[in-house]
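Data file: upload28.cif. Format and content: mmCIF, C-alpha atoms.
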```cif
data_run
loop_
_atom_site.group_PDB
_atom_site.id
_atom_site.type_symbol
_atom_site.label_atom_id
_atom_site.label_comp_id
_atom_site.auth_asym_id
_atom_site.auth_seq_id
_atom_site.Cartn_x
_atom_site.Cartn_y
_atom_site.Cartn_z
ATOM 1 C CA MET L 80 41.184 -21.105 -100.210
ATOM 2 C CA ARG L 81 42.349 -22.514 -96.891
ATOM 3 C CA ALA L 82 45.687 -22.418 -95.125
ATOM 4 C CA ARG L 83 47.237 -24.296 -92.263
ATOM 5 C CA VAL L 84 50.534 -24.312 -90.437
ATOM 6 C CA ASP L 85 52.444 -27.575 -90.072
ATOM 7 C CA GLN L 86 53.123 -27.535 -86.340
ATOM 8 C CA LEU L 87 56.096 -29.861 -86.674
ATOM 9 C CA LYS L 88 57.774 -27.604 -89.202
ATOM 10 C CA CYS L 89 56.941 -24.238 -87.600
ATOM 11 C CA GLU L 90 59.908 -22.872 -85.669
ATOM 12 C CA THR L 91 58.284 -19.587 -84.503
ATOM 13 C CA ILE L 92 60.111 -17.574 -87.156
ATOM 14 C CA GLY L 93 57.026 -15.377 -87.424
ATOM 15 C CA ILE L 94 57.336 -14.005 -90.934
ATOM 16 C CA CYS L 95 53.711 -15.101 -91.574
ATOM 17 C CA VAL L 96 52.434 -13.328 -88.450
ATOM 18 C CA LYS L 97 54.328 -10.210 -89.395
ATOM 19 C CA GLU L 98 53.285 -10.140 -93.036
ATOM 20 C CA CYS L 99 49.684 -11.285 -92.684
ATOM 21 C CA PRO L 100 48.369 -10.860 -89.108
ATOM 22 C CA GLN L 101 44.782 -11.061 -90.379
ATOM 23 C CA VAL L 102 45.319 -14.773 -91.033
ATOM 24 C CA PHE L 103 48.277 -15.927 -88.911
ATOM 25 C CA ARG L 104 48.818 -15.626 -85.167
ATOM 26 C CA PHE L 105 51.278 -16.971 -82.640
ATOM 27 C CA GLN L 106 49.724 -19.458 -80.260
ATOM 28 C CA PRO L 107 50.053 -18.710 -76.578
ATOM 29 C CA GLY L 108 52.522 -21.104 -75.003
ATOM 30 C CA SER L 109 54.242 -22.792 -77.922
ATOM 31 C CA LYS L 110 54.511 -19.506 -79.871
ATOM 32 C CA LYS L 111 54.092 -21.504 -83.058
ATOM 33 C CA ALA L 112 52.011 -19.891 -85.760
ATOM 34 C CA THR L 113 48.452 -20.897 -86.457
ATOM 35 C CA VAL L 114 45.720 -19.862 -88.884
ATOM 36 C CA ILE L 115 42.822 -17.924 -87.387
ATOM 37 C CA ALA L 116 40.589 -17.832 -90.475
ATOM 38 C CA ASP L 117 38.590 -20.850 -91.693
ATOM 39 C CA GLU L 118 38.469 -19.534 -95.243
ATOM 40 C CA ILE L 119 41.073 -17.080 -96.472
ATOM 41 C CA PRO L 120 39.318 -13.879 -97.571
ATOM 42 C CA PRO L 121 39.808 -13.432 -101.338
ATOM 43 C CA ALA L 122 41.605 -10.143 -100.781
ATOM 44 C CA LEU L 123 44.267 -11.942 -98.746
ATOM 45 C CA GLU L 124 44.731 -15.026 -100.909
ATOM 46 C CA GLU L 125 47.703 -13.725 -102.883
ATOM 47 C CA LYS L 126 49.320 -12.434 -99.699
ATOM 48 C CA CYS L 127 48.964 -15.893 -98.111
ATOM 49 C CA ARG L 128 50.566 -17.571 -101.109
ATOM 50 C CA LYS L 129 53.440 -15.114 -100.888
ATOM 51 C CA VAL L 130 53.829 -15.672 -97.151
ATOM 52 C CA ALA L 131 53.873 -19.451 -97.726
ATOM 53 C CA ARG L 132 56.767 -18.959 -100.155
ATOM 54 C CA MET L 133 58.575 -16.753 -97.623
ATOM 55 C CA CYS L 134 58.479 -19.280 -94.776
ATOM 56 C CA PRO L 135 61.976 -20.820 -94.715
ATOM 57 C CA ASN L 136 60.622 -24.010 -93.161
ATOM 58 C CA GLU L 137 57.852 -24.401 -95.733
ATOM 59 C CA ALA L 138 55.482 -24.818 -92.801
ATOM 60 C CA ILE L 139 52.506 -23.067 -94.423
ATOM 61 C CA ILE L 140 50.261 -25.316 -96.453
ATOM 62 C CA ILE L 141 47.854 -23.707 -98.885
ATOM 63 C CA GLN L 142 44.794 -25.597 -100.027
ATOM 64 C CA GLU L 143 43.322 -23.944 -103.119
ATOM 65 C CA MET O 291 65.776 -25.517 -89.778
ATOM 66 C CA MET O 292 67.669 -23.467 -92.316
ATOM 67 C CA PRO O 293 70.490 -21.228 -91.031
ATOM 68 C CA ILE O 294 68.332 -18.189 -91.805
ATOM 69 C CA GLY O 295 65.714 -19.474 -89.298
ATOM 70 C CA PRO O 296 67.436 -18.288 -86.107
ATOM 71 C CA LEU O 297 68.254 -14.985 -87.815
ATOM 72 C CA MET O 298 64.595 -14.435 -88.723
ATOM 73 C CA ILE O 299 63.493 -15.305 -85.176
ATOM 74 C CA GLU O 300 65.970 -12.677 -83.946
ATOM 75 C CA HIS O 301 64.455 -10.186 -86.391
ATOM 76 C CA ARG O 302 61.087 -10.541 -84.643
ATOM 77 C CA LEU O 303 62.624 -9.639 -81.271
ATOM 78 C CA ILE O 304 64.543 -6.712 -82.751
ATOM 79 C CA GLU O 305 61.281 -5.447 -84.268
ATOM 80 C CA ARG O 306 59.622 -5.580 -80.841
ATOM 81 C CA MET O 307 62.408 -3.531 -79.241
ATOM 82 C CA ILE O 308 62.364 -1.044 -82.112
ATOM 83 C CA GLU O 309 58.611 -0.656 -81.586
ATOM 84 C CA VAL O 310 59.236 0.134 -77.900
ATOM 85 C CA MET O 311 61.873 2.703 -78.897
ATOM 86 C CA LYS O 312 59.472 4.187 -81.449
ATOM 87 C CA ARG O 313 56.746 4.641 -78.827
ATOM 88 C CA GLN O 314 59.216 6.149 -76.387
ATOM 89 C CA LEU O 315 60.439 8.526 -79.089
ATOM 90 C CA GLN O 316 56.878 9.640 -79.848
ATOM 91 C CA GLU O 317 56.429 10.571 -76.175
ATOM 92 C CA TRP O 318 59.710 12.485 -76.129
ATOM 93 C CA GLU O 319 58.764 14.392 -79.269
ATOM 94 C CA VAL O 320 55.539 15.619 -77.658
ATOM 95 C CA GLU O 321 57.280 16.671 -74.474
ATOM 96 C CA PRO O 322 60.920 17.234 -75.411
ATOM 97 C CA THR O 323 62.943 15.194 -72.938
ATOM 98 C CA THR O 324 64.886 11.939 -72.765
ATOM 99 C CA ASP O 325 65.571 9.144 -70.295
ATOM 100 C CA PRO O 326 69.231 8.085 -69.928
ATOM 101 C CA SER O 327 68.300 4.768 -68.285
ATOM 102 C CA PHE O 328 66.036 3.831 -71.174
ATOM 103 C CA ILE O 329 68.751 4.809 -73.654
ATOM 104 C CA GLU O 330 71.224 2.564 -71.828
ATOM 105 C CA THR O 331 68.771 -0.343 -72.055
ATOM 106 C CA ALA O 332 68.176 0.319 -75.753
ATOM 107 C CA VAL O 333 71.901 0.664 -76.447
ATOM 108 C CA ASP O 334 72.651 -2.573 -74.613
ATOM 109 C CA PHE O 335 70.017 -4.366 -76.695
ATOM 110 C CA ILE O 336 71.282 -2.922 -79.965
ATOM 111 C CA ARG O 337 74.970 -3.456 -79.254
ATOM 112 C CA THR O 338 74.747 -6.862 -77.645
ATOM 113 C CA TYR O 339 71.765 -8.541 -79.244
ATOM 114 C CA ALA O 340 71.150 -6.808 -82.576
ATOM 115 C CA ASP O 341 74.790 -6.214 -83.441
ATOM 116 C CA ARG O 342 77.109 -8.613 -81.635
ATOM 117 C CA CYS O 343 74.773 -11.617 -81.578
ATOM 118 C CA HIS O 344 72.627 -11.100 -84.684
ATOM 119 C CA HIS O 345 74.834 -9.165 -87.111
ATOM 120 C CA GLY O 346 77.773 -11.179 -85.767
ATOM 121 C CA LYS O 347 76.224 -14.433 -86.974
ATOM 122 C CA GLU O 348 75.297 -12.873 -90.307
ATOM 123 C CA GLU O 349 78.768 -11.512 -91.008
ATOM 124 C CA ASP O 350 80.916 -14.240 -89.431
ATOM 125 C CA ILE O 351 78.949 -17.238 -90.693
ATOM 126 C CA LEU O 352 76.318 -16.577 -93.373
ATOM 127 C CA PHE O 353 78.017 -13.791 -95.339
ATOM 128 C CA ARG O 354 81.444 -15.402 -94.888
ATOM 129 C CA ASP O 355 80.251 -18.624 -96.530
ATOM 130 C CA LEU O 356 78.168 -16.789 -99.109
ATOM 131 C CA SER O 357 81.135 -14.734 -100.241
ATOM 132 C CA LYS O 358 82.926 -17.979 -101.186
ATOM 133 C CA LYS O 359 80.132 -18.843 -103.628
ATOM 134 C CA PRO O 360 79.779 -17.644 -107.219
ATOM 135 C CA ILE O 361 76.788 -15.453 -106.366
ATOM 136 C CA SER O 362 74.965 -13.086 -108.707
ATOM 137 C CA GLY O 363 75.964 -9.445 -108.944
ATOM 138 C CA ASN O 364 72.668 -8.444 -107.390
ATOM 139 C CA HIS O 365 73.149 -10.705 -104.353
ATOM 140 C CA ARG O 366 76.731 -9.500 -103.912
ATOM 141 C CA ARG O 367 75.536 -5.898 -104.066
ATOM 142 C CA ILE O 368 72.846 -6.547 -101.435
ATOM 143 C CA MET O 369 75.332 -8.335 -99.172
ATOM 144 C CA GLU O 370 77.727 -5.387 -99.373
ATOM 145 C CA GLU O 371 74.872 -2.988 -98.665
ATOM 146 C CA LEU O 372 73.887 -5.007 -95.604
ATOM 147 C CA VAL O 373 77.447 -4.944 -94.244
ATOM 148 C CA ASP O 374 77.601 -1.172 -94.856
ATOM 149 C CA GLU O 375 74.294 -0.808 -93.022
ATOM 150 C CA HIS O 376 75.678 -2.770 -90.055
ATOM 151 C CA ARG O 377 78.616 -0.324 -89.951
ATOM 152 C CA TRP O 378 76.229 2.631 -90.119
ATOM 153 C CA GLY O 379 74.247 1.129 -87.214
ATOM 154 C CA ARG O 380 77.434 0.818 -85.134
ATOM 155 C CA ARG O 381 78.426 4.423 -85.828
ATOM 156 C CA THR O 382 74.947 5.722 -84.985
ATOM 157 C CA THR O 383 74.836 3.679 -81.780
ATOM 158 C CA GLY O 384 78.274 5.058 -80.891
ATOM 159 C CA ARG O 385 76.977 8.610 -81.348
ATOM 160 C CA LEU O 386 73.964 7.759 -79.209
ATOM 161 C CA ILE O 387 76.188 6.457 -76.392
ATOM 162 C CA GLU O 388 78.351 9.597 -76.473
ATOM 163 C CA ALA O 389 75.306 11.878 -76.461
ATOM 164 C CA ASN O 390 73.709 9.947 -73.599
ATOM 165 C CA GLN O 391 76.894 10.217 -71.540
ATOM 166 C CA ALA O 392 77.051 13.955 -72.236
ATOM 167 C CA TYR O 393 73.398 14.316 -71.215
ATOM 168 C CA ARG O 394 74.050 12.408 -67.980
ATOM 169 C CA LYS O 395 76.902 14.812 -67.258
ATOM 170 C CA GLY O 396 74.506 17.741 -67.563
ATOM 171 C CA ASP O 397 74.727 18.825 -71.189
ATOM 172 C CA PRO O 398 71.087 19.566 -72.187
ATOM 173 C CA GLU O 399 72.123 20.151 -75.804
ATOM 174 C CA ALA O 400 72.900 16.435 -76.097
ATOM 175 C CA ALA O 401 69.164 15.623 -75.928
ATOM 176 C CA SER O 402 68.619 16.639 -79.549
ATOM 177 C CA THR O 403 71.422 14.305 -80.701
ATOM 178 C CA ILE O 404 69.874 11.499 -78.649
ATOM 179 C CA LEU O 405 66.478 12.004 -80.280
ATOM 180 C CA GLU O 406 68.079 12.236 -83.717
ATOM 181 C CA CYS O 407 70.002 8.963 -83.215
ATOM 182 C CA VAL O 408 66.996 7.084 -81.800
ATOM 183 C CA LYS O 409 64.864 8.312 -84.702
ATOM 184 C CA ALA O 410 67.509 7.216 -87.209
ATOM 185 C CA LEU O 411 67.773 3.736 -85.647
ATOM 186 C CA VAL O 412 63.991 3.338 -85.437
ATOM 187 C CA GLU O 413 63.720 4.169 -89.143
ATOM 188 C CA PHE O 414 66.722 2.078 -90.121
ATOM 189 C CA TYR O 415 66.035 -1.338 -88.584
ATOM 190 C CA PRO O 416 62.627 -2.149 -90.163
ATOM 191 C CA LYS O 417 63.976 -1.343 -93.647
ATOM 192 C CA HIS O 418 67.137 -3.353 -93.033
ATOM 193 C CA ILE O 419 65.148 -6.346 -91.764
ATOM 194 C CA GLU O 420 62.720 -6.150 -94.655
ATOM 195 C CA LYS O 421 65.566 -6.209 -97.145
ATOM 196 C CA GLU O 422 66.924 -9.387 -95.571
ATOM 197 C CA ASP O 423 63.611 -11.167 -94.954
ATOM 198 C CA ARG O 424 61.962 -10.356 -98.257
ATOM 199 C CA HIS O 425 64.734 -10.025 -100.772
ATOM 200 C CA PHE O 426 67.845 -11.806 -99.590
ATOM 201 C CA PHE O 427 67.689 -14.633 -97.090
ATOM 202 C CA LEU O 428 65.540 -17.123 -98.977
ATOM 203 C CA PRO O 429 67.047 -16.694 -102.455
ATOM 204 C CA ILE O 430 70.616 -17.065 -101.182
ATOM 205 C CA MET O 431 69.795 -20.421 -99.575
ATOM 206 C CA ASP O 432 69.795 -21.872 -103.100
ATOM 207 C CA TYR O 433 73.583 -21.441 -103.231
ATOM 208 C CA PHE O 434 74.106 -23.928 -100.401
ATOM 209 C CA SER O 435 73.817 -27.700 -100.188
ATOM 210 C CA LYS O 436 71.825 -29.379 -97.416
ATOM 211 C CA GLU O 437 75.085 -30.254 -95.624
ATOM 212 C CA GLU O 438 76.415 -26.706 -95.896
ATOM 213 C CA LYS O 439 73.181 -25.307 -94.452
ATOM 214 C CA ALA O 440 73.322 -27.780 -91.560
ATOM 215 C CA ALA O 441 76.951 -26.831 -90.859
ATOM 216 C CA MET O 442 76.085 -23.114 -90.779
ATOM 217 C CA LEU O 443 73.155 -23.743 -88.444
ATOM 218 C CA ASN O 444 75.386 -25.682 -86.055
ATOM 219 C CA GLU O 445 77.968 -22.916 -86.167
ATOM 220 C CA GLU O 446 75.264 -20.385 -85.295
ATOM 221 C CA TYR O 447 74.281 -22.410 -82.231
ATOM 222 C CA GLU O 448 77.926 -22.597 -81.209
ATOM 223 C CA PHE O 449 78.285 -18.846 -81.785
ATOM 224 C CA ASP O 450 75.409 -18.175 -79.372
ATOM 225 C CA ARG O 451 76.791 -20.605 -76.816
ATOM 226 C CA LEU O 452 80.186 -18.873 -76.795
ATOM 227 C CA LEU O 453 78.708 -15.380 -76.888
ATOM 228 C CA ILE O 454 77.266 -15.533 -73.387
ATOM 229 C CA TYR O 455 80.658 -16.679 -72.067
ATOM 230 C CA ASP O 456 82.480 -13.921 -73.972
ATOM 231 C CA LEU O 457 80.076 -11.254 -72.712
ATOM 232 C CA TYR O 458 80.539 -12.143 -69.086
ATOM 233 C CA ARG O 459 84.286 -12.764 -69.451
ATOM 234 C CA ASP O 460 84.582 -9.203 -70.800
ATOM 235 C CA ARG O 461 82.598 -7.869 -67.841
ATOM 236 C CA VAL O 462 84.729 -9.774 -65.342
ATOM 237 C CA MET O 463 87.935 -8.514 -67.016
ATOM 238 C CA LYS O 464 86.630 -4.947 -66.866
ATOM 239 C CA GLU O 465 85.840 -5.298 -63.165
ATOM 240 C CA GLU O 466 89.226 -6.944 -62.498
ATOM 241 C CA GLU O 467 90.955 -3.976 -64.141
ATOM 242 C CA ARG O 468 88.832 -1.505 -62.178
ATOM 243 C CA VAL O 469 89.511 -3.205 -58.835
ATOM 244 C CA SER O 470 93.233 -3.519 -59.659
ATOM 245 C CA SER O 471 93.512 0.176 -60.489
ATOM 246 C CA VAL O 472 91.718 1.145 -57.241
ATOM 247 C CA HIS O 473 93.967 -1.198 -55.274
ATOM 248 C CA LYS O 474 97.073 0.178 -57.040
ATOM 249 C CA GLY O 475 95.970 3.725 -56.216
ATOM 250 C CA GLU O 476 95.585 2.791 -52.537
ATOM 251 C CA THR O 477 99.040 1.153 -52.502
ATOM 252 C CA ASP O 478 100.662 4.183 -54.165
ATOM 253 C CA GLU O 479 99.015 6.485 -51.598
ATOM 254 C CA SER O 480 100.273 4.392 -48.663
ATOM 255 C CA LYS O 481 103.827 4.509 -50.107
ATOM 256 C CA GLY O 482 103.628 8.259 -50.572
#
```

The structure given in the file should be rewritten as structure tokens.
Amino acid sequence: MRARVDQLKCETIGICVKECPQVFRFQPGSKKATVIADEIPPALEEKCRKVARMCPNEAIIIQE
Amino acid sequence: MMPIGPLMIEHRLIERMIEVMKRQLQEWEVEPTTDPSFIETAVDFIRTYADRCHHGKEEDILFRDLSKKPISGNHRRIMEELVDEHRWGRRTTGRLIEANQAYRKGDPEAASTILECVKALVEFYPKHIEKEDRHFFLPIMDYFSKEEKAAMLNEEYEFDRLLIYDLYRDRVMKEEERVSSVHKGETDESKG
């Protein structure tokens, strides 16, 4: 599974970074979230799906 | 952006300040002491940012509009809990201010109340934020139309714009009153 953050939709709300810091980080400068893992570790897949549902801007795109 | 967006961004900053308070508290628990200047900074953040700015927008805009909707019993219960928690936060911050003032005036006994209040606030905020972020904000957005959400978001921006004016107007008024009372005292003395 892969994930990415739509940079146009991300508004630095940070729920993804808070809930799953192993996968999401704020970028220096823009403070928008980004994904730091190429492949989502299986143990974190469900957490990433949940985080994607929690983002109020629907900025997290999950590719199964 | 949805009207919960700015509120969630504010949550992240509140969490950072709470983390600072938590670390400070851990130091004070090892070596029992307190720092009145730090408490004043923390109180200013909690009263102005977390309560007046953040809880203000929740209560005066989001909860106000939500209460007009036919919401579920569970959502109404959570909203009432959140408002009660805001009140609890204000009372606890009030106790903290009183204890800090007493400590500044030389009452060493006040230190234990300060630590107790800081500990209570540090434990309270993460749970309160989690309840909103995980269980409340997103589901309640379904009650609003796109236009209603846009109107709330605009009102939040306006709220923030006016807040900075209100804050400094209050400070100016306070200083005007202080200077007037000093001046009046001087005039009364010269008459006497």

Give me, as JSON lines, the closest atom pair and its distance (Å, one decimal) for every residue of chain O within a cut-off of 12 Å of chain L, counting only C-alpha atoms, rows sorted by chain and rising number.
```
{"residue": "O:Met291", "atom": "CA", "partner": "L:Asn136", "partner_atom": "CA", "distance": 6.3}
{"residue": "O:Met292", "atom": "CA", "partner": "L:Pro135", "partner_atom": "CA", "distance": 6.7}
{"residue": "O:Pro293", "atom": "CA", "partner": "L:Pro135", "partner_atom": "CA", "distance": 9.3}
{"residue": "O:Ile294", "atom": "CA", "partner": "L:Pro135", "partner_atom": "CA", "distance": 7.5}
{"residue": "O:Gly295", "atom": "CA", "partner": "L:Ile92", "partner_atom": "CA", "distance": 6.3}
{"residue": "O:Pro296", "atom": "CA", "partner": "L:Ile92", "partner_atom": "CA", "distance": 7.4}
{"residue": "O:Leu297", "atom": "CA", "partner": "L:Ile92", "partner_atom": "CA", "distance": 8.6}
{"residue": "O:Met298", "atom": "CA", "partner": "L:Ile92", "partner_atom": "CA", "distance": 5.7}
{"residue": "O:Ile299", "atom": "CA", "partner": "L:Ile92", "partner_atom": "CA", "distance": 4.5}
{"residue": "O:Glu300", "atom": "CA", "partner": "L:Ile92", "partner_atom": "CA", "distance": 8.3}
{"residue": "O:His301", "atom": "CA", "partner": "L:Ile92", "partner_atom": "CA", "distance": 8.6}
{"residue": "O:Arg302", "atom": "CA", "partner": "L:Gly93", "partner_atom": "CA", "distance": 6.9}
{"residue": "O:Leu303", "atom": "CA", "partner": "L:Gly93", "partner_atom": "CA", "distance": 10.1}
{"residue": "O:Glu305", "atom": "CA", "partner": "L:Lys97", "partner_atom": "CA", "distance": 9.9}
{"residue": "O:Arg306", "atom": "CA", "partner": "L:Lys97", "partner_atom": "CA", "distance": 11.1}
{"residue": "O:Pro416", "atom": "CA", "partner": "L:Lys97", "partner_atom": "CA", "distance": 11.6}
{"residue": "O:Ile419", "atom": "CA", "partner": "L:Ile94", "partner_atom": "CA", "distance": 11.0}
{"residue": "O:Glu420", "atom": "CA", "partner": "L:Ile94", "partner_atom": "CA", "distance": 10.2}
{"residue": "O:Glu422", "atom": "CA", "partner": "L:Met133", "partner_atom": "CA", "distance": 11.3}
{"residue": "O:Asp423", "atom": "CA", "partner": "L:Ile94", "partner_atom": "CA", "distance": 8.0}
{"residue": "O:Arg424", "atom": "CA", "partner": "L:Met133", "partner_atom": "CA", "distance": 7.3}
{"residue": "O:His425", "atom": "CA", "partner": "L:Met133", "partner_atom": "CA", "distance": 9.6}
{"residue": "O:Phe426", "atom": "CA", "partner": "L:Met133", "partner_atom": "CA", "distance": 10.7}
{"residue": "O:Phe427", "atom": "CA", "partner": "L:Pro135", "partner_atom": "CA", "distance": 8.7}
{"residue": "O:Leu428", "atom": "CA", "partner": "L:Pro135", "partner_atom": "CA", "distance": 6.7}
{"residue": "O:Pro429", "atom": "CA", "partner": "L:Met133", "partner_atom": "CA", "distance": 9.8}
{"residue": "O:Ile430", "atom": "CA", "partner": "L:Pro135", "partner_atom": "CA", "distance": 11.4}
{"residue": "O:Met431", "atom": "CA", "partner": "L:Pro135", "partner_atom": "CA", "distance": 9.2}
{"residue": "O:Asp432", "atom": "CA", "partner": "L:Pro135", "partner_atom": "CA", "distance": 11.5}
```

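Shortest separation to L:Ala116 among L:Val102, L:Leu87, L:Ala131, L:Ile141 occurs at residue L:Val102, atoms counted being all atoms listed in the file.
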
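This file, queried with the PyMOL selection byres ((chain O and resi 393) around 12), gives the residues Thr323, Thr324, Asp325, Pro326, Ser327, Ile329, Glu330, Leu386, Ile387, Glu388, Ala389, Asn390, Gln391, Ala392, Arg394, Lys395, Gly396, Asp397, Pro398, Glu399, Ala400, Ala401, Ser402, Thr403, Ile404 and Leu405 of chain O.
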
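Residues matched by the PyMOL selection byres ((chain O and resi 378) around 12) in this structure: Asp341, Glu371, Leu372, Val373, Asp374, Glu375, His376, Arg377, Gly379, Arg380, Arg381, Thr382, Thr383, Gly384, Arg385, Cys407, Ala410, Leu411, Phe414, Tyr415 and His418 of chain O.
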
Spatial neighbours of L:Glu143, max dist 10 Å, all atoms listed in the file, sep filter under 5 positions, as a PDB file with C-alpha atoms, in the frame of the given file:
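Output contents, as saved in result.pdb:
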```
ATOM      1  CA  MET L  80      41.184 -21.105-100.210  1.00  0.00           C
ATOM      2  CA  ARG L  81      42.349 -22.514 -96.891  1.00  0.00           C
ATOM      3  CA  ALA L  82      45.687 -22.418 -95.125  1.00  0.00           C
ATOM      4  CA  ILE L 119      41.073 -17.080 -96.472  1.00  0.00           C
ATOM      5  CA  GLU L 124      44.731 -15.026-100.909  1.00  0.00           C
ATOM      6  CA  ARG L 128      50.566 -17.571-101.109  1.00  0.00           C
TER       7      ARG L 128
END
```

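When atom CA of L:Gln86 is paired with atom CA of L:Pro100, their separation reads 17.6 Å.
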
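If you look at atom CA of L:Phe105 and atom CA of O:Lys347, they are 25.4 Å away from each other.
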
Distance in Å - atom CA of O:Arg367 versus atom CA of O:Val412
23.8 Å

Given 6 Å on each side, where is the centre and what are the edge lengths in Å to one decimal of the axis-aligned box enclosing the listed atoms of stretch 382-391 of chain O, as JSON?
```
{"center_x": 76.0, "center_y": 7.8, "center_z": -78.3, "size_x": 16.6, "size_y": 20.2, "size_z": 25.4}
```

Written as an MDAnalysis selection string, what is the full residue list that the PyMOL selection byres ((chain O and resi 453-466) around 12) yields on the file shown?
chainID O and resid 334 337:339 341:344 346:347 445:452 467:474

How about completing stretch 109-121 of chain L with N, CA, C and O atoms and giving it to me as a JSON list (two decimals), keeping the file's coordinate frame?
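Result file follows (selection05.json):
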```
[["chain", "number", "residue", "atom", "x", "y", "z"],
["L", 109, "SER", "N", 53.23, -22.27, -76.99],
["L", 109, "SER", "CA", 54.24, -22.79, -77.92],
["L", 109, "SER", "C", 54.83, -21.70, -78.80],
["L", 109, "SER", "O", 55.93, -21.85, -79.32],
["L", 110, "LYS", "N", 54.09, -20.62, -78.99],
["L", 110, "LYS", "CA", 54.51, -19.51, -79.87],
["L", 110, "LYS", "C", 54.61, -19.92, -81.33],
["L", 110, "LYS", "O", 55.13, -19.18, -82.16],
["L", 111, "LYS", "N", 54.11, -21.12, -81.65],
["L", 111, "LYS", "CA", 54.09, -21.50, -83.06],
["L", 111, "LYS", "C", 52.92, -20.81, -83.74],
["L", 111, "LYS", "O", 51.93, -20.47, -83.09],
["L", 112, "ALA", "N", 53.06, -20.61, -85.04],
["L", 112, "ALA", "CA", 52.01, -19.89, -85.76],
["L", 112, "ALA", "C", 50.81, -20.80, -86.00],
["L", 112, "ALA", "O", 50.94, -22.02, -86.08],
["L", 113, "THR", "N", 49.66, -20.17, -86.11],
["L", 113, "THR", "CA", 48.45, -20.90, -86.46],
["L", 113, "THR", "C", 47.58, -20.00, -87.33],
["L", 113, "THR", "O", 47.78, -18.78, -87.38],
["L", 114, "VAL", "N", 46.61, -20.62, -88.00],
["L", 114, "VAL", "CA", 45.72, -19.86, -88.88],
["L", 114, "VAL", "C", 44.44, -19.56, -88.13],
["L", 114, "VAL", "O", 43.86, -20.45, -87.50],
["L", 115, "ILE", "N", 44.01, -18.30, -88.16],
["L", 115, "ILE", "CA", 42.82, -17.92, -87.39],
["L", 115, "ILE", "C", 41.58, -17.77, -88.27],
["L", 115, "ILE", "O", 40.51, -17.47, -87.76],
["L", 116, "ALA", "N", 41.75, -17.97, -89.58],
["L", 116, "ALA", "CA", 40.59, -17.83, -90.48],
["L", 116, "ALA", "C", 40.26, -19.19, -91.10],
["L", 116, "ALA", "O", 41.16, -19.87, -91.59],
["L", 117, "ASP", "N", 38.99, -19.58, -91.07],
["L", 117, "ASP", "CA", 38.59, -20.85, -91.69],
["L", 117, "ASP", "C", 38.84, -20.79, -93.20],
["L", 117, "ASP", "O", 39.49, -21.65, -93.77],
["L", 118, "GLU", "N", 38.27, -19.77, -93.80],
["L", 118, "GLU", "CA", 38.47, -19.53, -95.24],
["L", 118, "GLU", "C", 39.31, -18.26, -95.38],
["L", 118, "GLU", "O", 39.05, -17.28, -94.68],
["L", 119, "ILE", "N", 40.27, -18.29, -96.27],
["L", 119, "ILE", "CA", 41.07, -17.08, -96.47],
["L", 119, "ILE", "C", 40.25, -16.08, -97.28],
["L", 119, "ILE", "O", 39.76, -16.42, -98.38],
["L", 120, "PRO", "N", 40.07, -14.86, -96.79],
["L", 120, "PRO", "CA", 39.32, -13.88, -97.57],
["L", 120, "PRO", "C", 40.00, -13.66, -98.93],
["L", 120, "PRO", "O", 41.23, -13.63, -99.00],
["L", 121, "PRO", "N", 39.21, -13.57, -99.99],
["L", 121, "PRO", "CA", 39.81, -13.43, -101.34],
["L", 121, "PRO", "C", 40.86, -12.33, -101.42],
["L", 121, "PRO", "O", 41.88, -12.51, -102.10]]
```
